[in-house]
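Structure record follows, encoded as structure tokens.
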Amino acid sequence: MADKPDLLTVARLAPFLMQPLQAAFTVHDRLHEEDAAAFKRIAPRIRAICGSGESKVSAELIAKLPALEIVSIMGVGYDGVDVAAAKARGVLVTHTPDVLNDDVADLALALMLSIARRIPQADQHVRQGRWPAGPMPLARKMSGARLGLVGMGRIGQAIAQRALAFGMSIAYTARSAKPALPYAFHATPRELAAVSDFLVVITPGGAATRKLIDTGVLRALGSQGYLINVARGSVVDEAALIEALQNSGIAGAALDVFENEPLVPEALRALDNVVLAPHIGSATTQTRHAMAARAFANLEAHFAGHPLPSAVPECR
Ligand code: NAP
């Protein structure tokens, strides 16, 4: 159909999102990366962008698309989008909050248990035939321990709910205290780390949280403390973390996100006191389908002239 709006994808999107996109739009699949000459020809017609939580939508890209009206991100984090540049041009930005809370919270608990109980190492102990030679060293009990949440938003609260079932005491830091919640507030990550056995990072990425978890926070967490990052790699000073892990500054770390994904420093991969995951917080069939449906619903609503189901806060 000639009158379908033109849409540019800026990530490798799942077939269950590509299919409805292709039905409703003329889709140009990552043409900006793959064919500069072809991209230049179609750029003036692009009215929508669709990408993932890891996509980069820079001011430069926005400037090349004079007809752009909306950027739909399939993900809750949109730190890769230059929202200020979008807003300056009147371009709307949408994301997919809430539908992934369960999965990311589930993964946070799974990573906490994995690092505390050394589940990957236990699996290796059995697989590699080391059990007959003797038991594994004793692990760290998680139930009843002190959980510190850096971020107490949608996902932070879902993590806290799960941790309650483990009898954990819960404290948090955020930009502001939440008096309605029954958890102790600490003004800074460092103060929180000092009273935590497990420090779980679940803030947005971007400039405001860059290296929020630094040497000082890791020192406060201390040699018996564990760091879990399910937020963004940018929130943790990775060099400081590696240094702390190598020198028993902290007990261990479980990480779903990294500074320079998908590349993970060899120094981290070589350590025994870490559990590493390839950014799988929301990566279940059920949740990815729900995220895709929401990302599409935002685009559909915009082009039908209806209110957007989930614009980012800056565009509401
Ligand atoms: P949210 O509801 O917006 O909550 C964010 C929390 O972070 C809020 O409590 C906020 O404080 C706090 N925060 C923001 N800036 C801060 C700062 N500078 N210092 C301290 N705390 C700060 O977001 P959400 O839906 O829970 O998602 C959180 C993030 O998780 C996403 O943005 C994304 O980066 C990440 N994520 C990762 C995965 C994964 O695959 N690993 C999947 C989904 C999401 P206030 O409450 O005071 O505003």
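Every chain in the structure tokens takes a letter, A first, then B, and so on in the order presented; its residues are numbered from 1, and the ligands are numbered from 1 following the presented order.
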With only C-alpha atoms and all ligand atoms counted, collect every polymer residue having an atom within 6 Å of ligand 1; state the result as a list in words.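 My answer, listing the contacting residues, is Val76, Gly77, Pro97, Val104, Gly151, Met152, Gly153, Arg154, Ile155, Gly156, Ala174, Arg175, Ser176, Ile202, Thr203, Pro204, Gly205, Ala208, Thr209, Val230, Ala231, Arg232, Asp256, His279, Ile280, Gly281 and Ser282 of chain A.
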Store the residues picked out above, limited to C-alpha atoms, as a tab-separated table (two decimals), in the first residue's frame.
chain	number	residue	atom	x	y	z
A	76	VAL	CA	11.57	0.27	29.51
A	77	GLY	CA	15.07	1.81	29.44
A	97	PRO	CA	7.15	-0.17	31.22
A	104	VAL	CA	13.57	-8.53	35.58
A	151	GLY	CA	16.34	2.30	42.67
A	152	MET	CA	12.84	1.71	44.06
A	153	GLY	CA	10.70	2.15	40.96
A	154	ARG	CA	8.48	-0.38	39.21
A	155	ILE	CA	11.11	-3.13	39.06
A	156	GLY	CA	12.76	-2.26	42.39
A	174	ALA	CA	16.35	6.63	45.05
A	175	ARG	CA	16.11	10.28	44.04
A	176	SER	CA	13.43	10.73	46.69
A	202	ILE	CA	17.93	-1.11	39.29
A	203	THR	CA	17.97	2.55	38.20
A	204	PRO	CA	17.76	3.85	34.63
A	205	GLY	CA	21.02	4.34	32.71
A	208	ALA	CA	22.38	11.08	35.73
A	209	THR	CA	23.37	7.62	36.99
A	230	VAL	CA	20.28	-5.62	36.39
A	231	ALA	CA	20.06	-1.93	35.42
A	232	ARG	CA	22.60	-0.72	32.85
A	256	ASP	CA	23.25	-8.94	33.56
A	279	HIS	CA	21.40	-8.91	29.24
A	280	ILE	CA	18.48	-11.33	29.61
A	281	GLY	CA	16.39	-9.41	32.16
A	282	SER	CA	13.22	-9.42	30.05
Skipping near chain neighbours, those fewer than 3 positions away, what residues fall within 9 Å of A:Gly252 using only C-alpha atoms, listed as an MDAnalysis selection string? chainID A and resid 115:116 223:228 244:245 248:249 272:275
Please measure the separation of atom CA of A:Phe198 and atom CA of A:Asp102, giving the value in Å to one decimal.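 Distance reported for this atom pair: 19.3 Å.
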Residues of stretch 76-119 of chain A that approach stretch 304-308 of chain A to 12 Å or less, counting only C-alpha atoms: could you list each one with the shortest pair of atoms and its distance in Å to one decimal, rows by chain and increasing residue number, as JSON lines?
{"residue": "A:Leu92", "atom": "CA", "partner": "A:Leu308", "partner_atom": "CA", "distance": 9.4}
{"residue": "A:Val93", "atom": "CA", "partner": "A:Leu308", "partner_atom": "CA", "distance": 9.8}
{"residue": "A:Thr94", "atom": "CA", "partner": "A:Leu308", "partner_atom": "CA", "distance": 7.8}
{"residue": "A:His95", "atom": "CA", "partner": "A:Leu308", "partner_atom": "CA", "distance": 10.1}
{"residue": "A:Thr96", "atom": "CA", "partner": "A:Leu308", "partner_atom": "CA", "distance": 11.2}
From the set A:Thr215, A:Gln124, A:Gln19, A:Asn260, which residue has the shortest atom-to-atom contact distance to A:Glu54, counting only C-alpha atoms?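 The shortest atom-to-atom distance to A:Glu54 comes from A:Asn260.
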Which neighbours of A:Lys178 fall inside 12 Å, counting only C-alpha atoms, when residues of the same chain fewer than 4 positions from it are skipped, and could you give them as number ranges by chain? A: 151-153, 157, 171-174, 182-187
Computed interatomic separation between atom CA of A:Ser114 and atom CA of A:Tyr78 (Å): 28.1 Å
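Closest approach to A:Ala86 among A:Leu107, A:Cys315, A:Val217, A:Ala253 is made by A:Cys315 (distances from only C-alpha atoms).
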So which bits of stretch 67-163 of chain A end up helix (DSSP H, G or I) when you DSSP the backbone, as number ranges by chain? A: 83-88, 101-117, 119-127, 131-133, 154-163
Selected residue, from A:Asp197, A:Asp98, A:Asp6, A:Glu191, that lies nearest to A:Gly144 when counting only C-alpha atoms: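 Looking only at the distances to A:Gly144, the closest residue turns out to be A:Asp197.
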Polymer residues at most 7 Å from A:Ser143, only C-alpha atoms, same-chain spacing of 4 or more positions, as an NGL selection string: :A and (166-168)
Quick one: pick out all strand (DSSP E) residues within stretch 62-186 of chain A from a backbone DSSP run and write them as number ranges by chain. A: 70-74, 92-94, 146-150, 169-173, 184-185
Measuring atom to atom with only C-alpha atoms, identify which of A:Ala139, A:Val57, A:Lys87, A:Ala48 is nearest to A:Ala11.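 Closest to A:Ala11, using only C-alpha atoms: A:Val57.
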Please provide the set of residues having any atom within 12 Å of A:Arg45, restricted to only C-alpha atoms, with same-chain residues fewer than 2 positions apart removed, written as a PDB file with N, CA and C atoms, in the first residue's frame.
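Saved to selection31.pdb:
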ATOM      1  N   ASP A   3       0.189   4.233   0.879  1.00  0.00           N
ATOM      2  CA  ASP A   3       0.024   5.218   1.944  1.00  0.00           C
ATOM      3  C   ASP A   3       0.444   4.728   3.328  1.00  0.00           C
ATOM      4  N   LYS A   4       1.125   3.597   3.372  1.00  0.00           N
ATOM      5  CA  LYS A   4       1.620   3.150   4.687  1.00  0.00           C
ATOM      6  C   LYS A   4       2.763   4.078   5.103  1.00  0.00           C
ATOM      7  N   PRO A   5       2.787   4.513   6.365  1.00  0.00           N
ATOM      8  CA  PRO A   5       3.902   5.368   6.794  1.00  0.00           C
ATOM      9  C   PRO A   5       5.227   4.610   6.736  1.00  0.00           C
ATOM     10  N   ASP A   6       6.309   5.335   6.493  1.00  0.00           N
ATOM     11  CA  ASP A   6       7.641   4.723   6.438  1.00  0.00           C
ATOM     12  C   ASP A   6       8.223   4.657   7.840  1.00  0.00           C
ATOM     13  N   LEU A   7       8.796   3.503   8.168  1.00  0.00           N
ATOM     14  CA  LEU A   7       9.346   3.274   9.512  1.00  0.00           C
ATOM     15  C   LEU A   7      10.753   2.694   9.386  1.00  0.00           C
ATOM     16  N   LEU A   8      11.653   3.183  10.217  1.00  0.00           N
ATOM     17  CA  LEU A   8      13.032   2.688  10.243  1.00  0.00           C
ATOM     18  C   LEU A   8      13.234   1.855  11.507  1.00  0.00           C
ATOM     19  N   PHE A  25       3.290  -0.716   8.179  1.00  0.00           N
ATOM     20  CA  PHE A  25       4.250   0.311   7.743  1.00  0.00           C
ATOM     21  C   PHE A  25       5.060  -0.178   6.542  1.00  0.00           C
ATOM     22  N   THR A  26       5.694   0.742   5.861  1.00  0.00           N
ATOM     23  CA  THR A  26       6.756   0.381   4.922  1.00  0.00           C
ATOM     24  C   THR A  26       8.042   0.382   5.747  1.00  0.00           C
ATOM     25  N   VAL A  27       8.550  -0.813   6.025  1.00  0.00           N
ATOM     26  CA  VAL A  27       9.648  -0.942   6.991  1.00  0.00           C
ATOM     27  C   VAL A  27      10.994  -0.912   6.279  1.00  0.00           C
ATOM     28  N   HIS A  28      11.866  -0.079   6.775  1.00  0.00           N
ATOM     29  CA  HIS A  28      13.241  -0.022   6.271  1.00  0.00           C
ATOM     30  C   HIS A  28      14.130  -0.591   7.381  1.00  0.00           C
ATOM     31  N   PHE A  39      19.694   4.677   2.403  1.00  0.00           N
ATOM     32  CA  PHE A  39      19.146   5.393   3.567  1.00  0.00           C
ATOM     33  C   PHE A  39      18.932   6.876   3.234  1.00  0.00           C
ATOM     34  N   LYS A  40      19.900   7.472   2.545  1.00  0.00           N
ATOM     35  CA  LYS A  40      19.810   8.887   2.183  1.00  0.00           C
ATOM     36  C   LYS A  40      18.563   9.156   1.323  1.00  0.00           C
ATOM     37  N   ARG A  41      18.256   8.201   0.454  1.00  0.00           N
ATOM     38  CA  ARG A  41      17.090   8.375  -0.439  1.00  0.00           C
ATOM     39  C   ARG A  41      15.772   8.315   0.327  1.00  0.00           C
ATOM     40  N   ILE A  42      15.701   7.396   1.335  1.00  0.00           N
ATOM     41  CA  ILE A  42      14.395   7.222   2.007  1.00  0.00           C
ATOM     42  C   ILE A  42      14.269   8.087   3.276  1.00  0.00           C
ATOM     43  N   ALA A  43      15.394   8.638   3.762  1.00  0.00           N
ATOM     44  CA  ALA A  43      15.379   9.383   5.039  1.00  0.00           C
ATOM     45  C   ALA A  43      14.288  10.463   5.111  1.00  0.00           C
ATOM     46  N   ARG A  47       8.789   8.420   9.091  1.00  0.00           N
ATOM     47  CA  ARG A  47       7.944   9.090  10.095  1.00  0.00           C
ATOM     48  C   ARG A  47       8.029   8.427  11.468  1.00  0.00           C
ATOM     49  N   ALA A  48       8.590   7.204  11.501  1.00  0.00           N
ATOM     50  CA  ALA A  48       8.656   6.489  12.788  1.00  0.00           C
ATOM     51  C   ALA A  48       9.947   5.692  12.871  1.00  0.00           C
ATOM     52  N   ILE A  49      10.423   5.528  14.101  1.00  0.00           N
ATOM     53  CA  ILE A  49      11.562   4.640  14.376  1.00  0.00           C
ATOM     54  C   ILE A  49      11.070   3.603  15.374  1.00  0.00           C
ATOM     55  N   LYS A  64      18.726  13.781  10.683  1.00  0.00           N
ATOM     56  CA  LYS A  64      18.682  13.300   9.292  1.00  0.00           C
ATOM     57  C   LYS A  64      17.266  12.914   8.857  1.00  0.00           C
ATOM     58  N   LEU A  65      16.302  12.952   9.797  1.00  0.00           N
ATOM     59  CA  LEU A  65      14.944  12.470   9.500  1.00  0.00           C
ATOM     60  C   LEU A  65      13.927  13.604   9.717  1.00  0.00           C
ATOM     61  N   PRO A  66      13.773  14.464   8.714  1.00  0.00           N
ATOM     62  CA  PRO A  66      12.937  15.666   8.898  1.00  0.00           C
ATOM     63  C   PRO A  66      11.456  15.373   9.128  1.00  0.00           C
ATOM     64  N   ALA A  67      10.988  14.194   8.692  1.00  0.00           N
ATOM     65  CA  ALA A  67       9.552  13.877   8.849  1.00  0.00           C
ATOM     66  C   ALA A  67       9.282  13.023  10.092  1.00  0.00           C
ATOM     67  N   LEU A  68      10.313  12.787  10.904  1.00  0.00           N
ATOM     68  CA  LEU A  68      10.155  11.878  12.048  1.00  0.00           C
ATOM     69  C   LEU A  68       9.135  12.430  13.054  1.00  0.00           C
ATOM     70  N   GLU A  69       8.219  11.543  13.491  1.00  0.00           N
ATOM     71  CA  GLU A  69       7.193  11.951  14.462  1.00  0.00           C
ATOM     72  C   GLU A  69       7.302  11.186  15.768  1.00  0.00           C
TER      73      GLU A  69
END
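Between atom CA of A:Arg162 and atom CA of A:Ile119 the interatomic distance comes to 19.1 Å.
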Restricting the calculation to only C-alpha atoms: of A:Val235, A:Ser72, A:Lys56, A:Phe258, which residue gets closest to A:Leu299? A:Ser72
With only C-alpha atoms as the counted atoms, please give the residues lying no more than 12 Å from A:Ala240, apart from itself and same-chain residues fewer than 5 positions off, as a ChimeraX atom specification. /A:211-219,235,245-247,249-250,267-268
